[in-house]
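K.L.:
So I've got this file, query_17.csv, and it contains CSV, C-alpha atoms:
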```
chain,number,residue,atom,x,y,z
A,1,MET,CA,0.0,0.0,0.0
A,2,ILE,CA,2.8,2.4,0.9
A,3,GLN,CA,4.5,2.3,-2.5
A,4,LYS,CA,1.2,2.2,-4.4
A,5,GLU,CA,0.2,5.5,-2.8
A,6,ALA,CA,3.5,7.2,-3.7
A,7,GLN,CA,3.2,5.8,-7.3
A,8,GLN,CA,-0.2,7.5,-7.7
A,9,HIS,CA,1.5,10.9,-7.5
A,10,VAL,CA,3.7,12.6,-9.9
A,11,ILE,CA,6.6,14.4,-8.2
A,12,ARG,CA,7.4,17.6,-10.2
A,13,PRO,CA,8.5,21.2,-9.8
A,14,VAL,CA,5.8,23.8,-9.4
A,15,ARG,CA,4.9,25.8,-12.6
A,16,ALA,CA,4.9,29.6,-12.7
A,17,GLY,CA,1.2,30.0,-12.9
A,18,GLU,CA,0.3,27.7,-10.0
A,19,TRP,CA,0.5,30.4,-7.3
A,20,GLU,CA,-3.0,29.7,-5.9
A,21,LYS,CA,-2.0,26.0,-5.3
A,22,VAL,CA,1.3,27.1,-3.7
A,23,LYS,CA,-0.6,29.4,-1.4
A,24,GLU,CA,-3.2,26.8,-0.6
A,25,ILE,CA,-0.7,24.1,0.4
A,26,ARG,CA,1.4,26.6,2.4
A,27,LEU,CA,-1.7,27.7,4.3
A,28,ALA,CA,-2.7,24.1,4.9
A,29,SER,CA,0.8,23.3,6.3
A,30,LEU,CA,0.6,26.3,8.6
A,31,ALA,CA,-2.8,25.2,9.9
A,32,ASP,CA,-1.4,21.7,10.8
A,33,PRO,CA,-1.2,21.1,14.6
A,34,VAL,CA,2.6,20.6,14.4
A,35,ALA,CA,3.1,23.9,12.5
A,36,PRO,CA,4.6,25.7,15.6
A,37,ILE,CA,7.5,23.3,15.7
A,38,ALA,CA,7.7,22.7,11.9
A,39,PHE,CA,7.7,26.1,10.4
A,40,LEU,CA,9.1,29.6,11.1
A,41,ASP,CA,6.0,31.2,9.6
A,42,THR,CA,2.4,31.5,10.9
A,43,HIS,CA,-1.0,30.9,9.3
A,44,GLU,CA,-2.0,34.4,10.2
A,45,ALA,CA,1.0,36.1,8.6
A,46,ALA,CA,0.9,33.9,5.5
A,47,SER,CA,-2.9,34.6,5.1
A,48,ALA,CA,-2.3,38.3,5.1
A,49,ARG,CA,0.2,38.3,2.3
A,50,PRO,CA,-1.1,39.7,-1.0
A,51,ASP,CA,-1.5,37.6,-4.2
A,52,SER,CA,1.5,39.3,-5.7
A,53,PHE,CA,3.7,37.8,-2.9
A,54,TRP,CA,2.5,34.3,-3.9
A,55,GLN,CA,2.8,35.0,-7.6
A,56,GLU,CA,6.5,36.1,-7.2
A,57,ARG,CA,7.3,33.2,-4.8
A,58,THR,CA,5.9,30.7,-7.3
A,59,GLU,CA,7.6,32.3,-10.3
A,60,GLY,CA,10.9,32.1,-8.4
A,61,ALA,CA,10.4,28.4,-7.4
A,62,ALA,CA,9.5,27.3,-10.8
A,63,SER,CA,12.7,27.9,-12.7
A,64,GLY,CA,16.4,28.7,-12.3
A,65,ASN,CA,18.9,27.3,-9.9
A,66,VAL,CA,18.4,29.4,-6.7
A,67,VAL,CA,15.0,28.0,-5.5
A,68,ARG,CA,12.9,25.0,-6.5
A,69,GLN,CA,9.7,23.8,-5.1
A,70,PHE,CA,8.6,20.2,-5.7
A,71,VAL,CA,5.0,18.9,-5.3
A,72,ALA,CA,3.3,15.5,-5.2
A,73,GLU,CA,0.3,15.7,-7.6
A,74,ASP,CA,-2.3,13.1,-8.0
A,75,ALA,CA,-4.2,12.3,-11.2
A,76,ALA,CA,-7.0,14.8,-10.3
A,77,GLY,CA,-4.4,17.6,-9.8
A,78,ARG,CA,-4.5,17.7,-6.0
A,79,TRP,CA,-1.3,18.2,-4.2
A,80,GLY,CA,-0.5,15.8,-1.4
A,81,GLY,CA,2.8,17.4,-0.3
A,82,SER,CA,5.6,19.8,-1.0
A,83,VAL,CA,9.2,20.5,-0.3
A,84,SER,CA,11.3,23.5,-1.3
A,85,VAL,CA,15.1,23.7,-2.0
A,86,LEU,CA,17.1,26.9,-1.4
A,87,VAL,CA,20.6,27.1,-2.9
A,88,GLU,CA,22.9,28.7,-0.4
A,89,ARG,CA,26.3,30.1,-1.6
A,90,ALA,CA,29.4,30.1,0.5
A,91,GLY,CA,30.0,33.4,2.3
A,92,SER,CA,26.3,34.4,2.6
A,93,ASP,CA,23.8,34.0,5.4
A,94,SER,CA,20.9,31.6,5.4
A,95,VAL,CA,17.3,32.2,6.2
A,96,LEU,CA,18.3,31.3,9.8
A,97,GLU,CA,21.1,33.9,9.7
A,98,ASP,CA,23.8,31.3,10.2
A,99,PRO,CA,26.9,31.8,8.0
A,100,ILE,CA,27.2,29.6,4.9
A,101,GLU,CA,30.6,27.9,4.7
A,102,GLN,CA,30.1,26.0,1.5
A,103,ASP,CA,27.8,25.9,-1.5
A,104,GLN,CA,24.8,23.8,-0.4
A,105,ALA,CA,21.1,23.1,-0.7
A,106,HIS,CA,18.8,23.8,2.2
A,107,LEU,CA,15.4,21.9,2.3
A,108,VAL,CA,12.6,24.0,3.7
A,109,GLY,CA,8.8,24.0,3.8
A,110,VAL,CA,8.5,20.2,4.1
A,111,TYR,CA,4.9,19.2,4.3
A,112,VAL,CA,2.8,16.1,3.5
A,113,ARG,CA,-1.0,16.2,4.1
A,114,PRO,CA,-2.1,14.0,7.0
A,115,GLU,CA,-3.9,11.6,4.8
A,116,HIS,CA,-0.7,10.9,2.8
A,117,ARG,CA,1.7,10.5,5.8
A,118,GLY,CA,3.3,7.1,6.0
A,119,THR,CA,2.7,6.3,2.4
A,120,GLY,CA,6.1,7.0,0.8
A,121,LEU,CA,5.2,10.4,-0.5
A,122,ILE,CA,7.7,12.2,1.6
A,123,GLU,CA,10.5,9.8,0.4
A,124,ALA,CA,9.5,10.6,-3.2
A,125,LEU,CA,9.5,14.3,-2.6
A,126,PHE,CA,12.9,14.2,-0.8
A,127,SER,CA,14.4,12.0,-3.6
A,128,ALA,CA,13.3,14.6,-6.2
A,129,ALA,CA,14.7,17.5,-4.1
A,130,VAL,CA,18.0,15.8,-3.4
A,131,GLU,CA,18.4,14.6,-7.1
A,132,TRP,CA,17.8,18.2,-8.3
A,133,SER,CA,20.3,19.5,-5.8
A,134,TRP,CA,23.0,17.1,-7.0
A,135,SER,CA,22.2,17.8,-10.7
A,136,LEU,CA,23.3,21.5,-10.4
A,137,ARG,CA,26.6,22.2,-12.0
A,138,GLU,CA,26.9,25.9,-11.1
A,139,PRO,CA,27.1,25.9,-8.3
A,140,GLU,CA,28.0,22.2,-7.6
A,141,LEU,CA,26.7,21.6,-4.1
A,142,ALA,CA,28.7,19.9,-1.4
A,143,ARG,CA,25.7,18.8,0.7
A,144,VAL,CA,22.0,19.1,1.3
A,145,ARG,CA,20.9,20.3,4.7
A,146,LEU,CA,17.9,21.1,6.7
A,147,PHE,CA,17.0,22.1,10.2
A,148,VAL,CA,14.5,20.5,12.5
A,149,HIS,CA,13.1,21.8,15.8
A,150,GLU,CA,14.5,19.9,18.8
A,151,GLU,CA,11.0,18.8,19.7
A,152,ASN,CA,10.1,17.5,16.3
A,153,ALA,CA,11.1,13.8,16.9
A,154,ARG,CA,8.9,12.4,14.1
A,155,ALA,CA,10.6,14.6,11.4
A,156,ALA,CA,14.1,14.0,12.8
A,157,ALA,CA,13.5,10.2,12.6
A,158,PHE,CA,12.5,10.4,9.0
A,159,TYR,CA,15.5,12.6,8.1
A,160,ARG,CA,17.8,10.0,9.7
A,161,ARG,CA,16.1,7.1,7.8
A,162,PHE,CA,16.6,9.0,4.6
A,163,GLY,CA,20.3,9.3,5.3
A,164,PHE,CA,20.7,12.7,6.9
A,165,GLU,CA,22.9,13.0,9.9
A,166,ALA,CA,22.9,15.5,12.7
A,167,THR,CA,26.0,17.7,12.3
A,168,GLY,CA,26.1,18.9,15.9
A,169,ARG,CA,25.3,22.5,14.8
A,170,THR,CA,22.2,24.2,16.3
A,171,VAL,CA,20.6,27.6,15.9
A,172,PRO,CA,18.1,29.4,18.0
A,173,VAL,CA,14.5,29.3,16.8
A,174,PRO,CA,13.6,32.9,15.9
A,175,GLY,CA,11.2,34.4,18.4
A,176,ALA,CA,11.2,31.3,20.7
A,177,ASP,CA,13.0,31.7,24.0
A,178,GLY,CA,15.6,29.0,24.3
A,179,ALA,CA,14.3,26.6,21.6
A,180,ARG,CA,16.8,25.3,19.1
A,181,GLU,CA,16.8,24.0,15.5
A,182,ILE,CA,19.2,21.1,14.9
A,183,GLU,CA,21.0,20.9,11.6
A,184,TYR,CA,21.0,17.6,9.6
A,185,ALA,CA,23.0,17.2,6.5
A,186,LEU,CA,23.4,14.7,3.6
A,187,SER,CA,26.8,14.9,1.9
A,188,ARG,CA,27.5,14.3,-1.7
A,189,ALA,CA,28.5,10.7,-2.3
```
Represent the structure contained in this file as structure tokens.

P.N.:
Amino acid sequence: MIQKEAQQHVIRPVRAGEWEKVKEIRLASLADPVAPIAFLDTHEAASARPDSFWQERTEGAASGNVVRQFVAEDAAGRWGGSVSVLVERAGSDSVLEDPIEQDQAHLVGVYVRPEHRGTGLIEALFSAAVEWSWSLREPELARVRLFVHEENARAAAFYRRFGFEATGRTVPVPGADGAREIEYALSRA
């Protein structure tokens, strides 16, 4: 059943004109009960953003080699999940304001709708995101990383099963007194 579910979805990058679907899945992710430990955004803040924000965000994630968003789409056009890849260049700061020491990909916005969890969909999304990251030639990326809230054990367990390893690096969760995000990385083979 698990593989069959994943096979019923096409994993692909978003297209420039799909901003309404990008907005809808982002708002769904931020309405999820685990959103406070899974995302650095809130449903309230995202809901208040104008359509132009979502249009620009989707345009940027649909092409180029700086940002790419992947979705799992079923035959009826419904999206079951999403993950975004940010390319981080050495010498810059990341979205978490930590210094970037090497060219790398940063996975963010990981979300699978509750009815698709445990079906293999997240593995398929991660495979597409990592494969795209390794396919880049300029820049050629040394690793793929992500951060997970210290209290998000379920997500951390999946990342380890996929091959990510904790690096020992942590950063504070913006706006959360004392909470930490743990860095996990997958090095180029």

K.L.:
Identify which of the residues A:Arg78, A:Arg161, A:Arg188, A:His43 lies closest to A:Ser135, counting all atoms listed in the file when measuring atom-to-atom distances.

P.N.:
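Closest to A:Ser135 of all the choices is A:Arg188.
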
K.L.:
At a cut-off of 10 Å, can you tabulate as a tab-separated table every residue of stretch 106-142 of chain A near stretch 16-35 of chain A together with its closest atom pair and the distance in Å to one decimal, using all atoms listed in the file and ordering rows by chain then number?

P.N.:
```
residue	atom	partner	partner_atom	distance
A:Gly109	CA	A:Arg26	CA	8.0
A:Val110	CA	A:Ser29	CA	8.6
A:Tyr111	CA	A:Ser29	CA	6.1
A:Val112	CA	A:Ser29	CA	8.0
A:Arg113	CA	A:Ser29	CA	7.6
A:Pro114	CA	A:Asp32	CA	8.6
```

K.L.:
Residues of stretch 97-158 of chain A within 12 Å of stretch 54-65 of chain A: nearest atom pair and distance (Å, one decimal) for each, counting only C-alpha atoms, sorted by chain and number, as a Markdown table?

P.N.:
```
| residue | atom | partner | partner_atom | distance |
| --- | --- | --- | --- | --- |
| A:Gln104 | CA | A:Asn65 | CA | 11.7 |
| A:Ala105 | CA | A:Asn65 | CA | 10.3 |
| A:Trp132 | CA | A:Asn65 | CA | 9.3 |
| A:Ser133 | CA | A:Asn65 | CA | 8.9 |
| A:Trp134 | CA | A:Asn65 | CA | 11.4 |
| A:Ser135 | CA | A:Asn65 | CA | 10.1 |
| A:Leu136 | CA | A:Asn65 | CA | 7.3 |
| A:Arg137 | CA | A:Asn65 | CA | 9.5 |
| A:Glu138 | CA | A:Asn65 | CA | 8.2 |
| A:Pro139 | CA | A:Asn65 | CA | 8.5 |
| A:Glu140 | CA | A:Asn65 | CA | 10.7 |
| A:Leu141 | CA | A:Asn65 | CA | 11.3 |
```

K.L.:
Taking into account all atoms listed in the file, which residue in the set A:Ile11, A:Leu146, A:Leu40, A:Ala176 is nearest to A:Glu88?

P.N.:
A:Leu146

K.L.:
Could you give me, as a list of chain:residue names, the residues within 12 Å of A:Tyr159, counting only C-alpha atoms and dropping anything in the same chain fewer than 3 positions from it?

P.N.:
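After dropping sequence-adjacent residues, the list is A:Leu107, A:Val110, A:Ile122, A:Glu123, A:Phe126, A:Ser127, A:Val144, A:Arg145, A:Leu146, A:Phe147, A:Val148, A:Asn152, A:Ala153, A:Arg154, A:Ala155, A:Ala156, A:Phe162, A:Gly163, A:Phe164, A:Glu165, A:Ala166, A:Ile182, A:Glu183, A:Tyr184, A:Ala185, A:Leu186.
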
K.L.:
Have a look at atom CA of A:Glu101 and atom CA of A:Pro172 and let me know their distance in Å, one decimal.

P.N.:
18.3 Å

K.L.:
Let me make sure I understand: among A:Pro36, A:Asp103, A:His116, A:Ala46, which one has the smallest atom-to-atom distance to A:Ala90 if we use all atoms listed in the file?

P.N.:
A:Asp103

K.L.:
Can you measure atom CA of A:Thr119 to atom CA of A:Ser84 for me? One decimal in Å is fine.

P.N.:
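Computing the Euclidean distance for atom CA of A:Thr119 and atom CA of A:Ser84 yields 19.6 Å.
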
K.L.:
Counting all atoms listed in the file, figure out which residue out of A:Glu97, A:Arg89, A:Gly175, A:Glu150 gets nearest to A:Val66.

P.N.:
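Ranking A:Glu97, A:Arg89, A:Gly175, A:Glu150 by distance to A:Val66, first place goes to A:Arg89.
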
K.L.:
Can you measure atom CA of A:His149 to atom CA of A:Ala38 for me? One decimal in Å is fine.

P.N.:
6.7 Å

K.L.:
Nearest to A:Ala179: which of A:Arg68, A:Arg117, A:Ser52, A:Glu151 is it, counting all atoms listed in the file?

P.N.:
A:Glu151
